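Asks: What follows is model_36.txt; its format and atoms are compact mmCIF, C-alpha atoms.
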# COMPACT_ATOMS: atom_id res chain seq x y z
CA MET A 9 -8.02 -4.50 1.74
CA HIS A 10 -10.86 -6.08 3.63
CA PHE A 11 -14.26 -6.77 2.10
CA SER A 12 -16.66 -9.61 2.57
CA ILE A 13 -17.32 -12.35 0.06
CA PRO A 14 -21.02 -13.01 -0.70
CA GLU A 15 -22.43 -15.97 1.22
CA THR A 16 -23.55 -17.57 -2.04
CA GLU A 17 -19.93 -17.52 -3.15
CA VAL A 18 -18.83 -18.88 0.23
CA ARG A 19 -21.21 -21.82 0.06
CA SER A 20 -20.78 -22.65 -3.60
CA GLY A 21 -17.02 -22.15 -3.66
CA ASP A 22 -17.25 -21.40 -7.37
CA ASN A 23 -13.70 -21.37 -8.65
CA GLY A 24 -14.59 -20.90 -12.30
CA SER A 25 -13.04 -17.44 -12.38
CA THR A 26 -9.88 -18.80 -10.78
CA PHE A 27 -9.67 -21.58 -13.35
CA VAL A 28 -9.94 -19.09 -16.20
CA ILE A 29 -7.33 -16.82 -14.61
CA LYS A 30 -4.93 -19.75 -14.10
CA LYS A 31 -5.47 -20.81 -17.69
CA GLU A 32 -4.63 -17.30 -18.89
CA TYR A 33 -1.69 -16.49 -16.58
CA GLY A 34 -0.36 -19.90 -15.54
CA THR A 35 -0.45 -21.84 -12.28
CA ASN A 36 2.89 -20.36 -11.15
CA VAL A 37 1.31 -16.91 -10.91
CA VAL A 38 -2.07 -17.67 -9.36
CA PRO A 39 -2.01 -19.06 -5.79
CA SER A 40 -3.97 -22.20 -4.97
CA PHE A 41 -7.68 -21.65 -4.40
CA PRO A 42 -8.97 -22.62 -0.91
CA PRO A 43 -10.33 -26.19 -1.15
CA LYS A 44 -14.07 -26.80 -1.08
CA LYS A 45 -15.87 -28.99 1.42
CA ILE A 46 -18.40 -31.58 0.29
CA PHE A 47 -20.78 -31.41 3.25
CA THR A 48 -23.06 -28.56 4.30
CA LEU A 49 -21.11 -25.95 6.23
CA THR A 50 -21.96 -24.88 9.77
CA PRO A 51 -22.21 -21.12 10.48
CA ALA A 52 -18.71 -21.21 11.98
CA GLU A 53 -17.35 -22.99 8.90
CA VAL A 54 -19.07 -20.49 6.61
CA GLU A 55 -17.34 -17.66 8.46
CA GLN A 56 -13.99 -19.48 8.30
CA ARG A 57 -14.50 -20.10 4.59
CA ARG A 58 -15.28 -16.43 4.08
CA GLU A 59 -12.04 -15.43 5.82
CA HIS A 60 -10.03 -17.87 3.68
CA LEU A 61 -11.56 -16.45 0.51
CA GLU A 62 -10.81 -12.90 1.64
CA LYS A 63 -7.16 -13.86 2.22
CA TYR A 64 -7.08 -15.48 -1.19
CA MET A 65 -8.48 -12.37 -2.87
CA GLN A 66 -6.01 -10.12 -1.09
CA ALA A 67 -3.14 -12.37 -2.15
CA VAL A 68 -4.25 -12.46 -5.78
CA ARG A 69 -4.98 -8.73 -5.88
CA GLN A 70 -1.46 -7.82 -4.69
CA ASP A 71 0.10 -9.59 -7.66
CA PRO A 72 1.28 -6.93 -10.18
CA LEU A 73 0.38 -9.17 -13.13
CA LEU A 74 -3.07 -10.18 -11.92
CA GLY A 75 -3.77 -6.60 -10.91
CA SER A 76 -4.46 -5.76 -14.54
CA SER A 77 -6.87 -8.70 -15.03
CA GLU A 78 -10.28 -7.34 -15.98
CA LEU A 79 -11.75 -10.78 -15.22
CA LEU A 80 -10.52 -10.62 -11.64
CA ASN A 81 -11.50 -6.97 -11.22
CA CYS A 82 -15.00 -7.69 -12.51
CA PHE A 83 -15.38 -10.57 -10.05
CA LEU A 84 -14.18 -8.43 -7.13
CA ARG A 85 -16.49 -5.55 -8.05
CA LYS A 86 -19.47 -7.89 -8.21
CA ALA A 87 -18.53 -9.45 -4.87
CA GLN A 88 -18.53 -6.04 -3.16
CA GLN A 89 -21.97 -5.05 -4.42
CA GLU A 90 -23.56 -8.41 -3.67
CA THR A 91 -22.12 -8.52 -0.16
CA GLN A 92 -23.55 -5.15 0.83
CA GLN A 93 -26.71 -5.70 -1.26
CA ILE A 94 -26.29 -2.29 -2.88
CA PRO A 95 -27.98 -1.99 -6.29
CA THR A 96 -26.50 0.05 -9.11
CA GLU A 97 -27.96 3.54 -8.87
CA GLU A 98 -26.98 7.20 -8.91
CA VAL A 99 -25.66 8.59 -5.63
CA THR A 100 -23.54 11.44 -4.30
CA LEU A 101 -20.18 10.86 -2.63
CA GLU A 102 -18.02 13.24 -0.60
CA VAL A 103 -14.26 13.25 -1.15
CA GLY A 104 -12.09 15.27 1.21
CA LEU A 105 -9.18 17.54 0.39
CA SER A 106 -6.16 18.11 2.64
CA ASN A 107 -7.50 21.49 3.83
CA GLY A 108 -10.69 19.92 5.17
CA GLN A 109 -12.89 20.95 2.27
CA LYS A 110 -15.24 18.41 0.69
CA VAL A 111 -15.89 17.78 -2.97
CA THR A 112 -19.29 16.24 -3.68
CA VAL A 113 -19.56 14.23 -6.89
CA SER A 114 -22.46 12.43 -8.55
CA ILE A 115 -21.52 8.84 -9.37
CA LEU A 116 -22.95 5.34 -9.69
CA THR A 117 -22.67 2.92 -6.80
CA SER A 118 -20.92 0.58 -9.25
CA ASP A 119 -18.27 3.14 -10.24
CA GLN A 120 -14.75 1.98 -9.43
CA THR A 121 -11.87 4.05 -8.06
CA GLU A 122 -10.68 5.43 -11.40
CA ASP A 123 -14.21 6.59 -12.27
CA VAL A 124 -14.58 8.43 -8.96
CA LEU A 125 -11.10 9.96 -9.22
CA GLU A 126 -11.93 11.30 -12.67
CA ALA A 127 -15.25 12.69 -11.40
CA VAL A 128 -13.43 14.53 -8.59
CA ALA A 129 -10.80 15.85 -11.02
CA SER A 130 -13.53 17.08 -13.35
CA LYS A 131 -15.30 18.85 -10.48
CA LEU A 132 -12.03 20.54 -9.48
CA ASP A 133 -11.13 21.33 -13.12
CA LEU A 134 -7.87 19.33 -12.82
CA PRO A 135 -6.48 18.56 -16.32
CA ASP A 136 -6.66 14.95 -17.55
CA ASP A 137 -2.88 14.64 -17.80
CA LEU A 138 -2.54 15.36 -14.05
CA VAL A 139 -5.27 13.03 -12.78
CA GLY A 140 -2.83 10.12 -12.46
CA TYR A 141 -0.60 12.16 -10.16
CA PHE A 142 -3.27 11.82 -7.48
CA SER A 143 -5.01 8.92 -5.75
CA LEU A 144 -7.91 8.29 -3.41
CA PHE A 145 -7.14 7.05 0.10
CA LEU A 146 -9.40 5.56 2.72
CA VAL A 147 -8.56 7.27 6.02
CA ARG A 148 -9.87 7.20 9.57
CA GLU A 149 -10.03 10.44 11.54
CA SER A 150 -10.00 10.21 15.34
CA VAL A 151 -11.83 12.53 17.71
CA ASP A 152 -8.63 14.53 18.32
CA GLY A 153 -8.13 15.03 14.57
CA GLY A 154 -5.47 12.36 14.12
CA LEU A 155 -5.42 10.76 10.68
CA THR A 156 -4.78 7.09 9.95
CA PHE A 157 -4.22 5.76 6.42
CA VAL A 158 -6.31 2.61 6.12
CA ARG A 159 -5.37 1.95 2.52
CA LYS A 160 -5.00 3.40 -0.94
CA LEU A 161 -8.17 2.57 -2.84
CA GLN A 162 -7.33 -0.01 -5.48
CA GLU A 163 -8.59 -0.17 -9.06
CA PHE A 164 -11.14 -2.90 -8.39
CA GLU A 165 -12.73 -1.11 -5.42
CA LEU A 166 -16.08 0.60 -5.49
CA PRO A 167 -15.46 3.66 -3.28
CA TYR A 168 -19.13 4.22 -2.45
CA VAL A 169 -19.56 0.60 -1.38
CA SER A 170 -16.29 0.65 0.58
CA ILE A 171 -17.18 3.76 2.60
CA THR A 172 -20.83 2.77 3.08
CA SER A 173 -19.99 -0.72 4.34
CA LEU A 174 -17.92 0.73 7.19
CA ARG A 175 -21.02 2.40 8.70
CA SER A 176 -18.95 4.93 10.63
CA THR A 177 -18.46 8.68 10.30
CA GLU A 178 -14.80 8.21 11.31
CA PHE A 179 -13.90 7.02 7.83
CA HIS A 180 -13.44 9.33 4.86
CA ILE A 181 -12.08 9.25 1.33
CA LEU A 182 -9.19 11.66 0.87
CA LEU A 183 -7.49 12.97 -2.27
CA ARG A 184 -3.68 13.14 -2.08
CA LYS A 185 -0.76 13.01 -4.48
CA SER A 186 0.26 9.46 -5.35
CA TYR A 187 3.91 9.82 -6.42
CA TRP A 188 7.11 9.87 -4.34
CA ASP A 189 9.74 11.75 -6.35
CA MET A 190 9.42 15.45 -5.55
CA ALA A 191 10.79 16.24 -9.01
CA TYR A 192 7.28 15.54 -10.29
CA ASP A 193 6.00 18.46 -8.19
CA VAL A 194 7.13 20.70 -11.07
CA ASP A 195 4.57 19.10 -13.40
CA VAL A 196 1.79 19.56 -10.87
CA MET A 197 2.68 23.15 -9.96
CA GLU A 198 2.43 24.25 -13.60
CA ASN A 199 -1.35 24.04 -13.25
CA ARG A 200 -3.37 26.30 -10.95
CA VAL A 201 -5.54 23.49 -9.52
CA GLY A 202 -2.58 21.14 -9.17
CA LEU A 203 -0.63 23.86 -7.37
CA ASN A 204 -3.49 24.46 -4.92
CA LEU A 205 -3.84 20.73 -4.16
CA LEU A 206 -0.11 20.33 -3.57
CA TYR A 207 0.00 23.50 -1.46
CA THR A 208 -2.90 22.46 0.80
CA GLN A 209 -1.36 19.01 1.30
CA THR A 210 1.98 20.55 2.27
CA VAL A 211 0.30 22.93 4.72
CA SER A 212 -1.71 20.07 6.23
CA ASP A 213 1.33 17.80 6.62
CA ILE A 214 3.23 20.60 8.38
CA GLU A 215 0.31 21.35 10.71
CA ARG A 216 0.01 17.66 11.61
CA GLY A 217 3.70 17.49 12.42
CA TRP A 218 4.40 15.02 9.61
CA ILE A 219 6.97 17.44 8.17
CA LEU A 220 9.55 18.66 10.69
CA VAL A 221 9.78 22.46 10.97
CA ASN A 222 12.08 24.47 13.23
CA LYS A 223 11.37 28.02 14.42
CA ASP A 224 13.30 29.66 11.60
CA HIS A 225 11.53 27.60 8.93
CA HIS A 226 8.19 28.26 10.60
CA ARG A 227 8.81 32.01 10.39
CA GLN A 228 9.76 31.78 6.71
CA LEU A 229 6.77 29.61 5.86
CA LYS A 230 4.37 31.95 7.64
CA SER A 231 5.78 34.91 5.70
CA LEU A 232 5.36 33.08 2.36
CA GLN A 233 1.83 32.06 3.32
CA GLU A 234 0.87 35.65 4.12
CA LYS A 235 2.24 36.76 0.73
CA GLY A 236 0.32 34.02 -1.05
CA SER A 237 3.60 32.65 -2.46
CA LYS A 238 2.44 29.05 -2.85
CA LYS A 239 5.22 27.83 -5.13
CA GLU A 240 7.91 29.26 -2.86
CA PHE A 241 6.13 27.75 0.13
CA ILE A 242 6.24 24.30 -1.50
CA ARG A 243 9.87 24.70 -2.56
CA LEU A 244 10.85 25.51 1.00
CA GLY A 245 8.77 22.56 2.18
CA GLN A 246 10.73 20.29 -0.17
CA THR A 247 13.91 21.07 1.78
CA LEU A 248 12.37 19.98 5.10
CA LYS A 249 12.67 16.55 6.68
CA TYR A 250 9.90 14.08 5.83
CA TYR A 251 8.42 16.17 3.02
CA GLY A 252 6.26 13.86 0.90
CA TYR A 253 6.37 11.00 3.41
CA THR A 254 3.40 8.86 4.44
CA LYS A 255 3.27 8.44 8.20
CA PHE A 256 1.89 5.27 9.78
CA ASP A 257 0.43 4.62 13.21
CA PRO A 258 2.70 3.38 16.04
CA CYS A 259 3.52 -0.30 15.62
CA VAL A 260 6.05 -2.97 16.66
CA THR A 261 9.29 -4.19 15.06
CA ASP A 262 11.94 -6.82 15.76
CA PHE A 263 14.75 -4.41 14.84
CA PRO A 264 17.17 -3.82 16.46
CA GLU A 265 15.59 -6.26 18.93
CA GLN A 266 12.27 -8.01 19.46
CA GLY A 267 9.28 -6.05 20.71
CA CYS A 268 10.49 -2.53 19.96
CA HIS A 269 7.84 0.15 19.50
CA VAL A 270 8.37 2.11 16.30
CA MET A 271 7.00 4.98 14.23
CA VAL A 272 7.34 4.15 10.53
CA SER A 273 7.22 6.65 7.68
CA ALA A 274 7.52 5.93 3.95
CA GLY A 275 9.08 8.38 1.51
CA ASN A 276 12.21 9.35 -0.41
CA ASN A 277 12.63 5.69 -1.45
CA GLU A 278 12.98 4.49 2.13
CA LEU A 279 11.21 3.34 5.26
CA ASN A 280 12.17 5.59 8.15
CA PHE A 281 12.17 4.14 11.69
CA HIS A 282 11.82 6.03 14.98
CA VAL A 283 12.43 3.18 17.42
CA LYS A 284 11.91 3.15 21.15
CA LEU A 285 14.28 0.61 22.72
CA PRO A 286 13.39 -1.38 25.86
CA SER A 287 15.83 0.96 27.67
CA GLU A 288 13.49 3.87 26.70
CA GLN A 289 16.26 5.21 24.44
CA MET A 290 15.06 6.58 21.07
CA LYS A 291 16.89 5.68 17.85
CA GLU A 292 16.27 6.78 14.27
CA GLY A 293 17.32 5.02 11.09
CA SER A 294 16.27 4.43 7.49
CA PHE A 295 15.98 1.38 5.25
CA LYS A 296 16.53 2.24 1.58
CA VAL A 297 14.22 0.45 -0.84
CA THR A 298 17.19 -0.18 -3.16
CA ARG A 299 18.77 -2.37 -0.46
CA MET A 300 15.65 -4.49 0.10
CA ARG A 301 16.12 -7.76 -1.75
CA CYS A 302 12.48 -8.72 -1.34
CA TRP A 303 9.54 -8.39 1.03
CA ARG A 304 6.30 -10.11 1.91
CA VAL A 305 3.09 -9.51 3.84
CA THR A 306 1.89 -12.33 6.08
CA SER A 307 -1.16 -12.75 8.25
CA SER A 308 -2.00 -14.95 11.21
CA GLN A 309 -4.94 -15.25 13.57
CA VAL A 310 -4.45 -14.41 17.23
CA PRO A 311 -6.98 -14.49 20.11
CA VAL A 312 -8.49 -11.10 20.94
CA ALA A 313 -7.50 -10.01 24.43
CA ASN A 314 -10.65 -10.03 26.61
CA GLY A 315 -12.63 -10.54 23.42
CA SER A 316 -16.12 -11.95 23.24
CA ALA A 317 -16.76 -15.44 21.94
CA GLY A 318 -16.86 -16.01 18.21
CA PRO A 319 -19.23 -18.27 16.21
CA CYS A 320 -20.47 -21.35 18.11
CA GLY A 321 -18.74 -20.22 21.31
CA SER A 322 -15.23 -20.38 19.86
CA ALA A 323 -12.62 -17.84 20.96
CA LYS A 324 -12.80 -14.62 18.97
CA LEU A 325 -9.79 -14.20 16.71
CA ASP A 326 -8.14 -11.15 15.22
CA VAL A 327 -5.90 -10.97 12.15
CA LYS A 328 -2.28 -9.94 12.75
CA LEU A 329 -0.53 -8.51 9.70
CA GLU A 330 3.24 -8.34 9.30
CA LEU A 331 5.51 -6.81 6.69
CA ALA A 332 8.91 -8.52 6.52
CA PHE A 333 11.71 -7.38 4.23
CA GLU A 334 15.20 -8.77 3.64
CA TYR A 335 17.72 -5.94 3.91
CA LEU A 336 21.34 -5.65 2.79
CA MET A 337 22.87 -4.47 6.08
CA SER A 338 26.45 -4.57 4.83
CA LYS A 339 28.41 -5.76 1.83
CA ASP A 340 27.99 -9.46 2.66
CA ARG A 341 25.14 -9.58 5.16
CA LEU A 342 21.38 -9.75 4.62
CA GLN A 343 18.95 -9.59 7.52
CA TRP A 344 15.18 -9.90 7.89
CA VAL A 345 13.33 -6.98 9.49
CA THR A 346 9.69 -7.41 10.50
CA ILE A 347 7.02 -4.79 11.20
CA THR A 348 3.78 -5.87 12.89
CA SER A 349 1.06 -3.41 11.90
CA PRO A 350 -2.56 -3.34 10.66
CA GLN A 351 -1.17 -1.10 7.91
CA ALA A 352 1.28 -3.75 6.61
CA ILE A 353 -0.50 -4.02 3.24
CA MET A 354 -0.43 -0.24 2.84
CA MET A 355 3.31 -0.30 3.60
CA SER A 356 3.82 -3.00 0.97
CA ILE A 357 1.91 -0.97 -1.62
CA CYS A 358 4.11 2.05 -0.80
CA LEU A 359 7.27 -0.03 -1.36
CA GLN A 360 5.98 -1.41 -4.65
CA SER A 361 5.05 2.04 -5.97
CA MET A 362 8.51 3.36 -5.00
CA VAL A 363 10.14 0.51 -6.92
CA ASP A 364 7.89 1.14 -9.94
CA GLU A 365 8.89 4.81 -10.01
CA LEU A 366 12.58 3.96 -9.68
CA MET A 367 12.43 1.44 -12.52
CA VAL A 368 10.62 3.88 -14.80
CA LYS A 369 13.25 6.52 -14.07
CA LYS A 370 16.13 4.08 -14.63
CA SER A 371 14.70 3.07 -18.00
CA GLY A 372 14.62 6.70 -19.10
CA GLY A 373 10.85 6.96 -18.86
CA SER A 374 8.66 9.48 -17.10
CA LEU A 375 5.67 9.40 -14.80
CA LYS A 376 3.46 10.91 -17.50
CA LYS A 377 4.39 8.13 -19.94
CA MET A 378 3.84 5.46 -17.29
CA LEU A 379 0.43 6.87 -16.42
CA ARG A 380 -0.53 7.11 -20.08
CA LYS A 381 0.41 3.48 -20.68
CA ARG A 382 -1.45 2.38 -17.55
CA HIS A 383 -4.54 4.31 -18.65
CA ASN A 384 -4.40 2.68 -22.08
CA GLY A 385 -3.91 -0.75 -20.52
CA SER A 386 -0.54 -1.31 -22.18
CA ILE A 387 1.77 -1.11 -19.17
CA HIS A 388 3.44 -4.40 -18.34
CA ARG A 389 6.49 -5.74 -16.58
CA SER A 390 9.10 -7.81 -18.38
CA ASP A 391 8.42 -11.50 -19.10
CA SER A 392 10.98 -12.46 -16.49
CA GLN A 393 9.07 -10.53 -13.86
CA HIS A 394 5.87 -12.39 -14.76
CA ALA A 395 7.39 -15.52 -13.23
CA VAL A 396 7.59 -13.95 -9.78
CA LYS A 397 4.58 -14.63 -7.56
CA SER A 398 3.49 -11.99 -5.07
CA PRO A 399 3.37 -12.83 -1.38
CA PRO A 400 0.30 -14.83 -0.40
CA LEU A 401 -1.37 -13.78 2.83
CA LEU A 402 -0.89 -17.10 4.51
CA GLU A 403 0.89 -18.08 7.69
CA SER A 404 3.84 -16.09 9.00
CA PRO A 405 7.35 -17.38 8.24
CA ASP A 406 8.93 -19.70 10.79
CA PRO A 407 10.26 -17.37 13.52
CA ASN A 408 13.05 -19.86 14.25
CA ARG A 409 14.49 -19.75 10.77
CA GLU A 410 17.86 -18.19 10.13
CA GLN A 411 17.56 -14.40 10.29
CA VAL A 412 21.01 -13.42 9.02
CA VAL A 413 22.62 -15.04 6.01
CA LYS A 414 25.72 -14.45 3.93
CA LEU A 415 25.18 -12.48 0.74
CA SER A 416 27.24 -15.01 -1.21
CA THR A 417 24.64 -17.71 -0.50
CA LYS A 418 21.74 -15.45 -1.48
CA LEU A 419 22.89 -13.81 -4.69
CA SER A 420 22.53 -17.14 -6.45
CA SER A 421 18.78 -16.76 -6.04
CA VAL A 422 18.30 -13.13 -7.04
CA SER A 423 19.07 -11.02 -10.07
CA LEU A 424 17.50 -8.16 -11.95
CA ARG A 425 15.70 -10.74 -14.05
CA GLY A 426 13.79 -12.16 -11.13
CA ILE A 427 13.90 -14.43 -8.14
CA SER A 428 14.26 -18.18 -8.24
CA ALA A 429 13.83 -20.62 -5.39
CA SER A 430 16.74 -20.64 -2.99
CA ASN A 431 18.60 -23.86 -2.29
CA SER A 432 18.91 -23.02 1.40
CA ALA A 433 16.97 -25.32 3.66
CA ASN A 434 16.33 -22.41 6.00
CA ASP A 435 15.05 -20.10 3.31
CA VAL A 436 11.47 -19.64 2.23
CA SER A 437 10.94 -20.08 -1.49
CA GLY A 438 11.52 -16.92 -3.47
CA ASN A 439 8.14 -17.43 -5.09
CA ASP A 440 6.49 -16.31 -1.84
CA PHE A 441 8.00 -12.82 -2.03
CA HIS A 442 7.77 -9.49 -3.80
CA GLY A 443 10.98 -9.42 -5.82
CA ASN A 444 12.61 -5.98 -5.82
CA TYR A 445 13.90 -5.08 -9.28
CA ALA A 446 15.51 -1.91 -7.92
CA PHE A 447 17.71 -3.97 -5.58
CA GLU A 448 21.32 -2.79 -5.68
CA GLY A 449 24.48 -4.26 -4.22
CA ILE A 450 26.60 -1.93 -2.11
CA GLY A 451 30.28 -1.60 -1.49
CA ASP A 452 32.21 -0.81 1.67
CA ASP A 453 32.31 2.88 0.73
CA ASP A 454 28.48 3.03 0.83
CA LEU A 455 28.19 1.75 4.40
Could you render the structure from this file as structure tokens?
Replies:
Amino acid sequence: MHFSIPETEVRSGDNGSTFVIKKEYGTNVVPSFPPKKIFTLTPAEVEQRREHLEKYMQAVRQDPLLGSSELLNCFLRKAQQETQQIPTEEVTLEVGLSNGQKVTVSILTSDQTEDVLEAVASKLDLPDDLVGYFSLFLVRESVDGGLTFVRKLQEFELPYVSITSLRSTEFHILLRKSYWDMAYDVDVMENRVGLNLLYTQTVSDIERGWILVNKDHHRQLKSLQEKGSKKEFIRLGQTLKYYGYTKFDPCVTDFPEQGCHVMVSAGNNELNFHVKLPSEQMKEGSFKVTRMRCWRVTSSQVPVANGSAGPCGSAKLDVKLELAFEYLMSKDRLQWVTITSPQAIMMSICLQSMVDELMVKKSGGSLKKMLRKRHNGSIHRSDSQHAVKSPPLLESPDPNREQVVKLSTKLSSVSLRGISASNSANDVSGNDFHGNYAFEGIGDDDL
């Protein structure tokens, strides 16, 4: 989630909003605000300050508790408009569908994601109770038609400002379903518009190769398509590998060894890995979200290869994002797995939404009830979860720290009520992580 902070905010370093948020939610929830400097900043220092504030905003915005703060959302919305110097006025915005069609809606430049989503749903005649089953995604389409998920548009974002600020025709806003459990497809397929949206997404994912189809399945799907049997087409699609998964661009992982190239997909409550080993051998495996004790997103600055000079002649730097999760490999062994990818934040959001769905299901709730509560502003996590701080986008964990630890030494610092700081000298404080409330222990029979 990258957007610029207004220069007036950079220079003034006004932390009034942060103070109010800390007063409301507590200092344990809100990360420390970047310190101000007394003297006038040079252009290079202004740029550095801007980057620090952006990191801070990303860290705060990932926190599930702060995510519902209207104070924070208001501040972020204002920051976007001021940065791009876009006044509030009526405009038209194009939102793409999976079949390539465009829906043009009339909105205000100050309308946030939920407003735009509702405008698109109204234009499509999608019922109100199904709007929450879909989300808006910022995507980049390459010349050859390849699609990259940049991010899911968050509540505080102003879609018009976000797409306009990119100043490139490669970027589009795309409407896709936002849930993971295919059981919810039944709700969507009951409605004609919902059925068409789900059908076109399934067709698109198959054509892009995101869903694996053999010759026999291809023949059956083609027959159903010719008959116009959309529900049967979707039901057959549900039986195919990677149905409903989000596919990410090629990236790098340290599992099973450092520097392995990997294709990551998220779906079915797991992260699926297609790993290319240094020996050129291909391996496939999955990491279940219920076995992830916790995860975090970290960022660091690295010199751009053959890059031009930055402000004041300094070396130009790029931001490297990493998603690291602690995984229960066996009954008594936890291990850290790291993915280096520009889409690390998107991966983290996918994991969090999977966990949210699992917890709602375990509590006997439903997606409709969860969406209704969220719309009414009454959804909240338990008080014990409020004590868990989301991962700040700061420096990467020490690469030399212990990667594999005994489960017996870790379970003292995790429970379904939350995560407390570990006593291990080699462990990073639990407060730096996304605690996973769907984490489950496993026995020998599960391995």
Asks: Quick one: pull the distance between atom CA of Val327 of chain A and atom CA of Cys82 of chain A, Å, one decimal.
Replies: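 According to the coordinates, atom CA of Val327 of chain A and atom CA of Cys82 of chain A are separated by 26.5 Å.
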Asks: Applying 9 Å and all atoms listed in the file, which residues near Glu448 of chain A remain after dropping the ones on its own chain fewer than 4 positions away? List them as a ChimeraX atom specification.
Replies: /A:298-301,336
Asks: Residues at most 6 Å from Ala352 of chain A, counting all atoms listed in the file, excluding those fewer than 3 positions away in the same chain, as a CSV table (one decimal) with C-alpha atoms, in the frame of the given file?
Replies:
chain,number,residue,atom,x,y,z
A,329,LEU,CA,-0.5,-8.5,9.7
A,330,GLU,CA,3.2,-8.3,9.3
A,331,LEU,CA,5.5,-6.8,6.7
A,349,SER,CA,1.1,-3.4,11.9
A,355,MET,CA,3.3,-0.3,3.6
Asks: What's the separation between atom CA of Lys291 of chain A and atom CA of Pro258 of chain A, in Å to one decimal place?
Replies: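 Interatomic distance, atom CA of Lys291 of chain A to atom CA of Pro258 of chain A: 14.5 Å.
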Asks: Hey, can you check how far atom CA of Cys358 of chain A sits from atom CA of Ala274 of chain A?
Replies: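 Between atom CA of Cys358 of chain A and atom CA of Ala274 of chain A the gap is 7.0 Å.
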Asks: Please build the interface table for segment 208-249 of chain A against segment 187-192 of chain A with a cut-off of 12 Å, listing for each qualifying residue the nearest atom pair and the distance in Å to one decimal; count all atoms listed in the file, order rows by chain and increasing number, and write it as JSON lines.
Replies:
{"residue": "A:Thr210", "atom": "CA", "partner": "A:Met190", "partner_atom": "CA", "distance": 11.9}
{"residue": "A:Ile242", "atom": "CA", "partner": "A:Met190", "partner_atom": "CA", "distance": 10.2}
{"residue": "A:Arg243", "atom": "CA", "partner": "A:Met190", "partner_atom": "CA", "distance": 9.7}
{"residue": "A:Gly245", "atom": "CA", "partner": "A:Met190", "partner_atom": "CA", "distance": 10.5}
{"residue": "A:Gln246", "atom": "CA", "partner": "A:Met190", "partner_atom": "CA", "distance": 7.4}
{"residue": "A:Thr247", "atom": "CA", "partner": "A:Met190", "partner_atom": "CA", "distance": 10.3}
{"residue": "A:Leu248", "atom": "CA", "partner": "A:Met190", "partner_atom": "CA", "distance": 11.9}
Asks: Set the distance at 12 Å and use only C-alpha atoms: which residues neighbour Gln228 of chain A once local chain neighbours fewer than 2 positions away are removed? I'd like the list as a list of chain:residue names.
Replies: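 Here the answer would be A:Val221, A:Asn222, A:Lys223, A:Asp224, A:His225, A:His226, A:Lys230, A:Ser231, A:Leu232, A:Gln233, A:Glu234, A:Lys235, A:Ser237, A:Glu240, A:Phe241, A:Ile242, A:Arg243, A:Leu244, A:Gly245.
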Asks: Between A:Ser143, A:Gln343, A:Thr208, A:Gln360, which has the minimum distance to Arg184 of chain A (counting all atoms listed in the file)?
Replies: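 Among the listed residues, the smallest separation from Arg184 of chain A belongs to A:Ser143.
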Asks: Need the shell around segment 144-158 of chain A: protein/DNA/RNA residues with any atom at most 6 Å away, counting all atoms listed in the file. Skip same-chain ones fewer than 4 positions apart. Format as a PyMOL selection string?
Replies: chain A and resi 178-183
Asks: Those selected residues, please, written with C-alpha atoms and delivered as a PDB file, keeping the file's coordinate frame.
Replies:
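Contents of again.pdb, freshly written:
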ATOM      1  CA  GLU A 178     -14.800   8.210  11.310  1.00  0.00           C
ATOM      2  CA  PHE A 179     -13.900   7.020   7.830  1.00  0.00           C
ATOM      3  CA  HIS A 180     -13.440   9.330   4.860  1.00  0.00           C
ATOM      4  CA  ILE A 181     -12.080   9.250   1.330  1.00  0.00           C
ATOM      5  CA  LEU A 182      -9.190  11.660   0.870  1.00  0.00           C
ATOM      6  CA  LEU A 183      -7.490  12.970  -2.270  1.00  0.00           C
TER       7      LEU A 183
END
